[in-house]
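**Student:** My structure is in coords.cif, and what it holds is mmCIF, C-alpha atoms:
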```
data_data
#
loop_
_atom_site.label_atom_id
_atom_site.label_comp_id
_atom_site.auth_asym_id
_atom_site.auth_seq_id
_atom_site.Cartn_x
_atom_site.Cartn_y
_atom_site.Cartn_z
CA MET J 1 -28.76 -8.58 -27.61
CA ARG J 2 -31.16 -9.72 -24.89
CA LYS J 3 -30.93 -13.30 -23.73
CA ILE J 4 -34.10 -15.46 -23.92
CA PRO J 5 -35.54 -15.99 -20.42
CA PRO J 6 -35.96 -19.55 -19.10
CA LEU J 7 -39.20 -21.33 -20.11
CA SER J 8 -40.05 -22.65 -16.65
CA LEU J 9 -41.86 -19.56 -15.32
CA PRO J 10 -44.09 -18.75 -18.38
CA LEU J 11 -44.80 -22.49 -18.89
CA TYR J 12 -45.86 -22.81 -15.28
CA LEU J 13 -48.17 -19.78 -15.58
CA ALA J 14 -49.63 -21.12 -18.84
CA LEU J 15 -50.39 -24.54 -17.34
CA VAL J 16 -52.05 -22.99 -14.30
CA THR J 17 -54.14 -20.72 -16.52
CA GLY J 18 -55.12 -23.66 -18.80
CA ILE J 19 -56.16 -25.83 -15.86
CA VAL J 20 -58.22 -23.06 -14.27
CA TYR J 21 -59.88 -22.26 -17.62
CA GLY J 22 -60.56 -25.97 -18.25
CA ILE J 23 -62.28 -26.37 -14.89
CA ILE J 24 -64.42 -23.26 -15.39
CA SER J 25 -65.33 -24.00 -19.02
CA ALA J 26 -66.43 -27.54 -18.11
CA PHE J 27 -69.57 -26.06 -16.57
CA PHE J 28 -70.65 -24.65 -19.96
CA GLN J 29 -71.36 -28.18 -21.35
CA LEU J 30 -69.07 -27.76 -24.39
CA THR J 31 -68.42 -30.73 -26.63
CA LEU J 32 -65.18 -32.52 -25.90
CA PRO J 33 -63.37 -31.44 -29.11
CA VAL J 34 -64.42 -27.82 -28.59
CA TRP J 35 -63.46 -27.95 -24.92
CA LEU J 36 -60.02 -29.42 -25.65
CA ALA J 37 -59.39 -26.90 -28.43
CA SER J 38 -60.37 -23.94 -26.25
CA VAL J 39 -58.21 -25.15 -23.35
CA ALA J 40 -55.26 -25.63 -25.69
CA LEU J 41 -55.78 -22.17 -27.22
CA VAL J 42 -56.03 -20.43 -23.84
CA THR J 43 -52.95 -22.28 -22.58
CA ALA J 44 -50.96 -21.31 -25.69
CA LEU J 45 -52.09 -17.67 -25.50
CA SER J 46 -51.27 -17.60 -21.79
CA PHE J 47 -47.80 -19.02 -22.49
CA ALA J 48 -47.13 -16.48 -25.25
CA ILE J 49 -48.35 -13.54 -23.18
CA SER J 50 -46.39 -14.69 -20.09
CA TYR J 51 -43.22 -15.40 -22.05
CA PHE J 52 -43.06 -12.14 -23.97
CA GLY J 53 -44.40 -10.14 -21.01
CA ILE J 54 -41.68 -11.45 -18.70
CA ARG J 55 -39.08 -10.93 -21.39
CA LYS J 56 -40.24 -7.39 -22.11
CA ILE J 57 -40.92 -6.14 -18.59
CA LEU J 58 -39.11 -8.25 -16.00
CA TYR J 59 -35.98 -9.40 -17.81
CA SER J 60 -35.33 -6.10 -19.51
CA GLN J 61 -35.33 -4.45 -16.09
CA ILE J 62 -33.09 -7.17 -14.67
CA GLU J 63 -30.73 -6.69 -17.59
CA ASP J 64 -30.57 -2.95 -16.88
CA ILE J 65 -29.81 -3.71 -13.23
CA ASN J 66 -27.09 -6.12 -14.31
CA LYS J 67 -25.49 -3.44 -16.45
CA GLU J 68 -25.44 -0.99 -13.54
CA ILE J 69 -23.98 -3.59 -11.18
CA ILE J 70 -21.31 -4.78 -13.60
CA GLY J 71 -20.33 -1.14 -14.14
CA SER J 72 -19.55 -0.76 -10.44
CA ILE J 73 -17.50 -3.98 -10.20
CA GLN J 74 -13.76 -3.24 -10.21
CA ASN J 75 -12.41 -6.58 -11.47
CA THR J 76 -12.01 -6.16 -15.25
CA VAL J 77 -11.24 -9.85 -15.85
CA PHE J 78 -14.41 -10.82 -14.01
CA LYS J 79 -16.44 -8.31 -16.07
CA ASN J 80 -15.25 -9.69 -19.38
CA LYS J 81 -15.77 -13.26 -18.26
CA MET J 82 -19.35 -12.70 -17.08
CA GLN J 83 -20.40 -10.50 -19.99
CA SER J 84 -19.38 -13.19 -22.46
CA ARG J 85 -20.98 -16.04 -20.52
CA GLY J 86 -24.25 -17.46 -21.92
CA THR J 87 -26.21 -17.72 -18.65
CA ASN J 88 -29.64 -16.16 -18.25
CA GLU J 89 -30.21 -12.77 -16.66
CA LEU J 90 -31.39 -14.08 -13.27
CA ASP J 91 -28.27 -16.23 -12.87
CA LYS J 92 -26.13 -13.28 -13.90
CA LEU J 93 -27.90 -11.02 -11.40
CA SER J 94 -27.21 -13.48 -8.59
CA THR J 95 -23.53 -13.77 -9.58
CA TYR J 96 -23.08 -10.02 -9.98
CA VAL J 97 -24.68 -9.25 -6.62
CA LYS J 98 -22.45 -11.78 -4.84
CA ARG J 99 -19.38 -10.33 -6.53
CA LEU J 100 -20.41 -6.76 -5.71
CA ILE J 101 -20.97 -7.67 -2.05
CA GLN J 102 -17.52 -9.29 -1.96
CA GLU J 103 -15.82 -6.22 -3.44
CA LYS J 104 -17.67 -3.78 -1.20
CA THR J 105 -16.78 -5.87 1.86
CA ILE J 106 -13.10 -5.70 0.89
CA GLU J 107 -13.44 -1.96 0.24
CA ILE J 108 -15.01 -1.39 3.67
CA ASP J 109 -12.25 -3.43 5.35
CA ASN J 110 -9.63 -1.35 3.52
CA LEU J 111 -11.30 1.89 4.62
CA LYS J 112 -11.35 0.66 8.22
CA GLU J 113 -7.64 -0.20 8.00
CA LEU J 114 -6.86 3.24 6.51
CA GLU J 115 -8.79 4.91 9.33
CA ARG J 116 -6.87 2.86 11.89
CA MET J 117 -3.57 3.85 10.26
CA ARG J 118 -4.64 7.52 10.14
CA LYS J 119 -5.43 7.56 13.86
CA GLU J 120 -2.20 5.73 14.65
CA PHE J 121 -0.23 8.15 12.47
CA LEU J 122 -1.73 11.21 14.17
CA GLY J 123 -0.98 9.71 17.57
CA ASP J 124 2.62 9.01 16.54
CA VAL J 125 3.11 12.54 15.18
CA ALA J 126 1.72 14.06 18.38
CA HIS J 127 4.05 11.87 20.45
CA GLU J 128 7.10 12.71 18.32
CA LEU J 129 6.39 16.46 18.53
CA ARG J 130 5.54 16.49 22.23
CA SER J 131 8.93 15.42 23.61
CA PRO J 132 11.18 18.00 21.89
CA ILE J 133 8.64 20.80 22.37
CA PHE J 134 8.33 20.11 26.11
CA ASN J 135 12.12 19.90 26.44
CA VAL J 136 12.63 23.22 24.65
CA GLN J 137 9.93 24.81 26.83
CA GLY J 138 11.64 23.51 29.96
CA TYR J 139 15.04 24.90 29.01
CA ILE J 140 13.66 28.31 28.02
CA HIS J 141 11.47 28.71 31.10
CA THR J 142 14.34 27.67 33.36
CA LEU J 143 16.54 30.33 31.77
CA MET J 144 13.81 32.96 32.08
CA GLU J 145 13.36 32.17 35.77
CA GLY J 146 16.93 33.14 36.63
CA ALA J 147 19.32 30.59 35.16
CA MET J 148 20.21 33.09 32.43
CA GLU J 149 22.68 34.77 34.78
CA ASP J 150 24.80 31.62 35.04
CA GLU J 151 26.87 31.56 31.85
CA GLU J 152 27.68 27.85 32.05
CA VAL J 153 24.02 26.85 32.60
CA ARG J 154 22.86 29.29 29.91
CA THR J 155 25.27 27.86 27.33
CA ARG J 156 24.39 24.24 28.18
CA PHE J 157 20.62 24.83 28.14
CA LEU J 158 20.69 26.83 24.91
CA SER J 159 22.80 24.11 23.27
CA LYS J 160 20.31 21.42 24.32
CA ALA J 161 17.34 23.54 23.18
CA ALA J 162 19.04 24.07 19.79
CA LYS J 163 19.48 20.28 19.36
CA HIS J 164 15.78 19.67 20.04
CA VAL J 165 14.79 22.45 17.62
CA ASP J 166 17.05 20.88 14.98
CA HIS J 167 15.35 17.54 15.62
CA LEU J 168 11.95 19.21 15.17
CA GLY J 169 13.11 20.69 11.88
CA ILE J 170 14.25 17.29 10.59
CA LEU J 171 10.97 15.70 11.72
CA VAL J 172 8.90 18.31 9.90
CA GLU J 173 10.99 17.89 6.75
CA ASP J 174 10.53 14.10 6.86
CA LEU J 175 6.78 14.49 7.40
CA VAL J 176 6.56 16.84 4.42
CA THR J 177 8.56 14.36 2.31
CA ILE J 178 6.30 11.43 3.29
CA SER J 179 3.17 13.47 2.58
CA ARG J 180 4.43 14.58 -0.84
CA ILE J 181 5.42 11.03 -1.76
CA GLU J 182 2.03 9.60 -0.80
CA ALA J 183 0.26 12.42 -2.63
CA GLY J 184 2.25 11.60 -5.77
CA GLU J 185 3.84 15.07 -5.85
CA ILE J 186 7.46 13.87 -5.97
CA LYS J 187 8.55 12.93 -9.47
CA LEU J 188 11.63 10.93 -10.35
CA GLU J 189 14.36 12.58 -12.40
CA MET J 190 15.94 9.54 -14.02
CA GLU J 191 19.55 9.61 -15.18
CA ASP J 192 22.46 7.24 -15.67
CA PHE J 193 25.23 7.48 -13.06
CA ASN J 194 28.03 5.43 -11.54
CA ILE J 195 26.64 3.85 -8.36
CA LYS J 196 30.19 3.20 -7.08
CA GLU J 197 31.00 6.92 -7.10
CA LEU J 198 27.79 7.70 -5.23
CA ILE J 199 28.56 5.08 -2.58
CA HIS J 200 32.07 6.48 -2.13
CA GLU J 201 30.62 10.00 -1.77
CA VAL J 202 28.09 8.92 0.90
CA ILE J 203 30.75 7.02 2.87
CA GLU J 204 32.96 10.13 2.94
CA LEU J 205 29.98 12.24 4.03
CA LEU J 206 29.20 10.02 7.03
CA ASP J 207 32.72 8.96 7.92
CA LEU J 208 33.04 11.50 10.75
CA SER J 209 29.80 10.30 12.39
CA ALA J 210 31.02 6.70 12.12
CA LYS J 211 34.40 7.51 13.67
CA GLN J 212 32.69 9.01 16.73
CA LYS J 213 31.50 5.47 17.50
CA SER J 214 34.65 3.82 16.12
CA ILE J 215 32.59 2.24 13.34
CA VAL J 216 34.42 1.42 10.10
CA LEU J 217 32.60 2.15 6.83
CA SER J 218 33.72 0.28 3.74
CA ALA J 219 32.53 -0.82 0.30
CA LYS J 220 33.07 -4.03 -1.66
CA TYR J 221 32.76 -4.08 -5.44
CA PRO J 222 33.01 -7.03 -7.83
CA ASP J 223 35.70 -5.15 -9.81
CA GLU J 224 37.06 -1.64 -10.30
CA LYS J 225 35.18 -0.71 -13.47
CA GLU J 226 32.31 1.77 -13.27
CA LEU J 227 28.81 0.41 -12.80
CA LEU J 228 26.07 2.57 -14.32
CA VAL J 229 22.52 2.44 -13.01
CA SER J 230 19.38 4.23 -14.19
CA ALA J 231 17.71 6.03 -11.27
CA ASP J 232 17.05 9.36 -9.58
CA LEU J 233 20.48 10.29 -8.23
CA GLN J 234 19.25 12.49 -5.38
CA LYS J 235 16.66 9.96 -4.19
CA ILE J 236 19.17 7.10 -4.17
CA ARG J 237 21.70 9.31 -2.34
CA GLN J 238 19.04 9.86 0.34
CA VAL J 239 18.35 6.12 0.49
CA LEU J 240 22.04 5.34 1.08
CA ILE J 241 22.40 8.14 3.65
CA ASN J 242 19.36 6.95 5.61
CA LEU J 243 20.50 3.31 5.61
CA LEU J 244 24.08 4.17 6.64
CA ASN J 245 22.85 6.60 9.30
CA ASN J 246 20.67 3.84 10.78
CA SER J 247 23.62 1.46 10.77
CA ILE J 248 25.82 4.02 12.57
CA LYS J 249 23.13 5.16 14.98
CA TYR J 250 22.12 1.70 16.14
CA GLY J 251 25.40 -0.16 15.54
CA ARG J 252 27.73 -1.24 18.32
CA ASP J 253 30.84 0.79 19.11
CA GLY J 254 33.84 -0.48 17.19
CA GLY J 255 31.57 -2.19 14.65
CA LEU J 256 31.76 -2.55 10.89
CA THR J 257 29.34 -1.46 8.17
CA THR J 258 29.94 -2.63 4.61
CA ILE J 259 28.18 -1.74 1.35
CA ASN J 260 28.23 -4.67 -1.05
CA LEU J 261 27.36 -4.57 -4.76
CA LEU J 262 25.94 -7.70 -6.40
CA GLU J 263 25.72 -7.36 -10.17
CA ALA J 264 23.19 -9.32 -12.26
CA GLN J 265 22.33 -9.18 -15.94
CA ASN J 266 19.70 -6.41 -15.77
CA ASP J 267 20.01 -5.01 -12.27
CA VAL J 268 22.30 -4.51 -9.32
CA THR J 269 21.66 -5.27 -5.66
CA ILE J 270 23.05 -2.89 -3.04
CA GLU J 271 23.49 -4.34 0.45
CA VAL J 272 24.16 -2.31 3.59
CA ALA J 273 25.43 -4.88 6.09
CA ASP J 274 26.53 -4.36 9.69
CA ASN J 275 27.54 -6.48 12.68
CA GLY J 276 25.37 -4.58 15.15
CA GLU J 277 22.72 -5.76 17.59
CA GLY J 278 20.41 -7.08 14.89
CA ILE J 279 16.61 -7.03 14.82
CA ALA J 280 14.27 -9.64 16.29
CA GLU J 281 12.34 -11.61 13.67
CA LYS J 282 8.96 -10.41 15.01
CA HIS J 283 9.87 -6.80 14.11
CA LEU J 284 11.01 -7.42 10.52
CA PRO J 285 7.56 -7.31 8.81
CA ARG J 286 6.94 -3.81 10.23
CA ILE J 287 10.44 -2.32 10.09
CA PHE J 288 9.58 0.00 7.16
CA GLU J 289 6.41 1.42 8.76
CA ARG J 290 6.28 5.07 9.76
CA PHE J 291 7.34 5.68 13.38
CA TYR J 292 7.73 1.96 14.08
CA ARG J 293 10.18 1.46 16.95
CA VAL J 294 12.13 -1.75 17.48
CA ASP J 295 13.43 -0.60 20.86
CA LYS J 296 11.76 2.44 22.41
CA ALA J 297 14.41 2.66 25.16
CA ARG J 298 17.18 2.82 22.55
CA VAL J 299 15.37 5.66 20.71
CA ARG J 300 15.65 7.89 23.75
CA SER J 301 19.45 7.62 23.63
CA GLU J 302 19.57 7.86 19.81
CA PRO J 303 17.07 10.55 18.69
CA SER J 304 15.33 9.70 15.42
CA THR J 305 12.26 10.85 13.51
CA GLY J 306 11.19 7.24 12.89
CA LEU J 307 10.54 8.08 9.24
CA GLY J 308 13.90 7.27 7.65
CA LEU J 309 13.16 3.68 6.62
CA ALA J 310 9.63 4.60 5.47
CA ILE J 311 11.13 7.23 3.14
CA VAL J 312 13.72 4.70 1.92
CA LYS J 313 10.97 2.21 1.07
CA HIS J 314 8.91 4.84 -0.77
CA PHE J 315 11.90 6.01 -2.83
CA VAL J 316 12.96 2.49 -3.82
CA GLU J 317 9.43 1.39 -4.73
CA ALA J 318 8.94 4.60 -6.74
CA HIS J 319 11.70 3.19 -8.99
CA LYS J 320 9.61 -0.02 -9.27
CA GLN J 321 12.37 -1.87 -7.40
CA LYS J 322 12.43 -4.02 -4.27
CA ILE J 323 13.82 -3.49 -0.77
CA TRP J 324 14.07 -6.02 2.04
CA VAL J 325 15.90 -6.74 5.27
CA THR J 326 17.43 -9.83 6.83
CA SER J 327 18.66 -9.78 10.40
CA ARG J 328 19.67 -11.93 13.35
CA GLU J 329 19.90 -10.70 16.92
CA SER J 330 23.45 -10.16 18.21
CA ILE J 331 24.83 -10.86 14.71
CA GLY J 332 23.74 -7.95 12.54
CA SER J 333 21.44 -6.76 9.78
CA ILE J 334 21.52 -6.50 5.98
CA PHE J 335 19.31 -3.97 4.21
CA SER J 336 19.15 -4.75 0.48
CA PHE J 337 17.57 -3.00 -2.49
CA THR J 338 17.77 -3.30 -6.26
CA LEU J 339 18.32 -0.78 -9.03
CA GLU J 340 18.03 -1.16 -12.79
CA LYS J 341 21.29 -1.15 -14.70
CA SER J 342 21.78 1.45 -17.36
CA ARG J 343 21.09 0.21 -20.88
CA GLU J 344 24.40 1.71 -21.89
CA GLU J 345 26.17 -0.93 -19.84
#
```
What is this structure when it is put down as structure tokens?
**Tutor:**
Amino acid sequence: MRKIPPLSLPLYLALVTGIVYGIISAFFQLTLPVWLASVALVTALSFAISYFGIRKILYSQIEDINKEIIGSIQNTVFKNKMQSRGTNELDKLSTYVKRLIQEKTIEIDNLKELERMRKEFLGDVAHELRSPIFNVQGYIHTLMEGAMEDEEVRTRFLSKAAKHVDHLGILVEDLVTISRIEAGEIKLEMEDFNIKELIHEVIELLDLSAKQKSIVLSAKYPDEKELLVSADLQKIRQVLINLLNNSIKYGRDGGLTTINLLEAQNDVTIEVADNGEGIAEKHLPRIFERFYRVDKARVRSEPSTGLGLAIVKHFVEAHKQKIWVTSRESIGSIFSFTLEKSREE
């Protein structure tokens, strides 16, 4: 139902028309009653014509414009609020346009940020690929230029080239995983399983790597009974592996890494805590970004794809759960995430 337009504009036009007609008709020497009646009639007709003309032509077009604008506004609450409000069409048009400008400004800012992230991502990928490729090229060309005859040099160079190729393979796999996650191609296969058994399995898997740096891996549970969670077993296994690998890779020799379980009524919090070097506070907000490096010098001694924590964050958030980190330099770090408890518990 169309709203009635405000009376100010047609009333103003009617008064102007009546005054102009009154001045002109005064020259025709009409009697005063006839003159007053004719002026009143012309003013009334002018008001009626202006009012219904504006309503029919101008306001119907404005209403159509409003409908198109409100259709392009993303905020559903705002739509419902404005559509039920009893303001006239001109006021609505002004409000809608302001809202649309606000949303489009936010959309443009988001697109600019996405473009910045895309360029940064491509630069990071190129940088991560360049180093191992150049190293492999150097080893191969050195061997082809004569070093192949020296068995010791050949074995050492081929071993180093193989390590860099392995690193490239892991990087490509992580890039494919990130791309599939962000494209929504990876689906969760939810099941109920004992999180304590999974933690024990992951600790056994990485125990040899930890022993090479004399790092002790352990787990602390509130009690010995099984603790069932509802999640994708393989994704959570990867989360634990990535977090423990980070703790081993960047922990101090002879350190300690502990997995703690904190049970609540509906969920469980898993903490991976270490007494390593810790992370400066300024780095914490960006620690889960792709390719973000806390210490570029340390990365050279501990090769990494820089995607492990980004994958961890994606997997945890795909379960509609939270992940966070607390850390203090020279004291250690705690990576924590939540999982939903099984309803069978």
**Student:** Check what the PyMOL selection byres ((chain J and resi 245-260) around 8) selects in the file above and give those residues as a list of chain:residue names.
**Tutor:**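 Expected selection for the PyMOL selection byres ((chain J and resi 245-260) around 8) here is J:Ile199, J:Leu206, J:Ser209, J:Ala210, J:Lys213, J:Ser214, J:Ile215, J:Val216, J:Leu217, J:Ser218, J:Ala219, J:Lys220, J:Tyr221, J:Ile241, J:Asn242, J:Leu243, J:Leu244, J:Leu261, J:Leu262, J:Ile270, J:Glu271, J:Val272, J:Ala273, J:Asp274, J:Asn275, J:Gly276, J:Glu277, J:Glu302.
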**Student:** Between CA of Ser131 (chain J) and CA of Ala147 (chain J), what is the distance in Å, rounded to a tenth?
**Tutor:**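 Between these atoms lies a distance of 21.7 Å.
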**Student:** Using all atoms listed in the file, find the one residue out of J:Ala310, J:Gly22, J:Gly138, J:Asp267 that sits nearest to Arg286 (chain J).
**Tutor:**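 Smallest separation from Arg286 (chain J) among the options: J:Ala310.
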**Student:** Val42 (chain J): which residues within 8 Å, counting all atoms listed in the file, same-chain residues fewer than 3 positions away excluded, as an MDAnalysis selection string?
**Tutor:** chainID J and resid 17:18 21 38:39 45:46
**Student:** Would you write out those residues with C-alpha atoms, as an mmCIF file, in the frame of the given file?
**Tutor:**
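Everything below was put into result.cif:
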```cif
data_model
loop_
_atom_site.group_PDB
_atom_site.id
_atom_site.type_symbol
_atom_site.label_atom_id
_atom_site.label_comp_id
_atom_site.auth_asym_id
_atom_site.auth_seq_id
_atom_site.Cartn_x
_atom_site.Cartn_y
_atom_site.Cartn_z
ATOM 1 C CA THR J 17 -54.140 -20.720 -16.520
ATOM 2 C CA GLY J 18 -55.120 -23.660 -18.800
ATOM 3 C CA TYR J 21 -59.880 -22.260 -17.620
ATOM 4 C CA SER J 38 -60.370 -23.940 -26.250
ATOM 5 C CA VAL J 39 -58.210 -25.150 -23.350
ATOM 6 C CA LEU J 45 -52.090 -17.670 -25.500
ATOM 7 C CA SER J 46 -51.270 -17.600 -21.790
#
```
**Student:** Here's the selection I'm unsure about, the PyMOL selection byres ((chain J and resi 327) around 6); applied to the file above, which residues does it give, as a PyMOL selection string?
**Tutor:** chain J and resi 278-279+326+328+332-333
**Student:** Find, counting all atoms listed in the file, the residue in J:Ile101, J:Val125, J:Val136, J:Leu143 that gets nearest to Gly306 (chain J).
**Tutor:**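 Counting all atoms listed in the file, the residue closest to Gly306 (chain J) is J:Val125.
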**Student:** Within 8 Å of (25.8, 11.9, 3.0), in the coordinates the file gives, what residues turn up when you count all atoms listed in the file, written out as a list in words?
**Tutor:**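 It turns out the residues near that spot are Glu201, Val202, Ile203, Glu204, Leu205, Leu206, Arg237, Gln238, Leu240 and Ile241 of chain J.
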**Student:** Near His167 (chain J), within 10 Å and counting all atoms listed in the file, which residues show up once chain neighbours fewer than 2 positions away are dropped, as a list in words?
**Tutor:** Glu128, Leu129, Pro132, Ala161, Ala162, Lys163, His164, Val165, Gly169, Ile170, Leu171, Val172, Glu173, Pro303, Ser304 and Thr305 of chain J
**Student:** At most 9 Å from (32.6, 2.4, -13.0), file frame, only C-alpha atoms: which residues, as a compact mmCIF listing (two decimals) with C-alpha atoms, in the coordinates of the input?
**Tutor:**
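Once everything was written out, this is out37.txt:
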```
# COMPACT_ATOMS: atom_id res chain seq x y z
CA PHE J 193 25.23 7.48 -13.06
CA ASN J 194 28.03 5.43 -11.54
CA ILE J 195 26.64 3.85 -8.36
CA LYS J 196 30.19 3.20 -7.08
CA GLU J 197 31.00 6.92 -7.10
CA ASP J 223 35.70 -5.15 -9.81
CA GLU J 224 37.06 -1.64 -10.30
CA LYS J 225 35.18 -0.71 -13.47
CA GLU J 226 32.31 1.77 -13.27
CA LEU J 227 28.81 0.41 -12.80
CA LEU J 228 26.07 2.57 -14.32
```
**Student:** So the first atom is CA of Val325 (chain J) and the second is CA of Lys313 (chain J); what is the distance between them in Å, to one decimal place?
**Tutor:**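 Going from CA of Val325 (chain J) over to CA of Lys313 (chain J), I get 11.0 Å.
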**Student:** Interatomic distance between CA of Thr105 (chain J) and CA of Glu68 (chain J)?
**Tutor:** 18.3 Å
**Student:** Would you translate the PyMOL selection byres ((chain J and resi 232) around 8) into the concrete set of residues it matches in this file, as a ChimeraX atom specification?
**Tutor:** /J:188-191,230-231,233-236
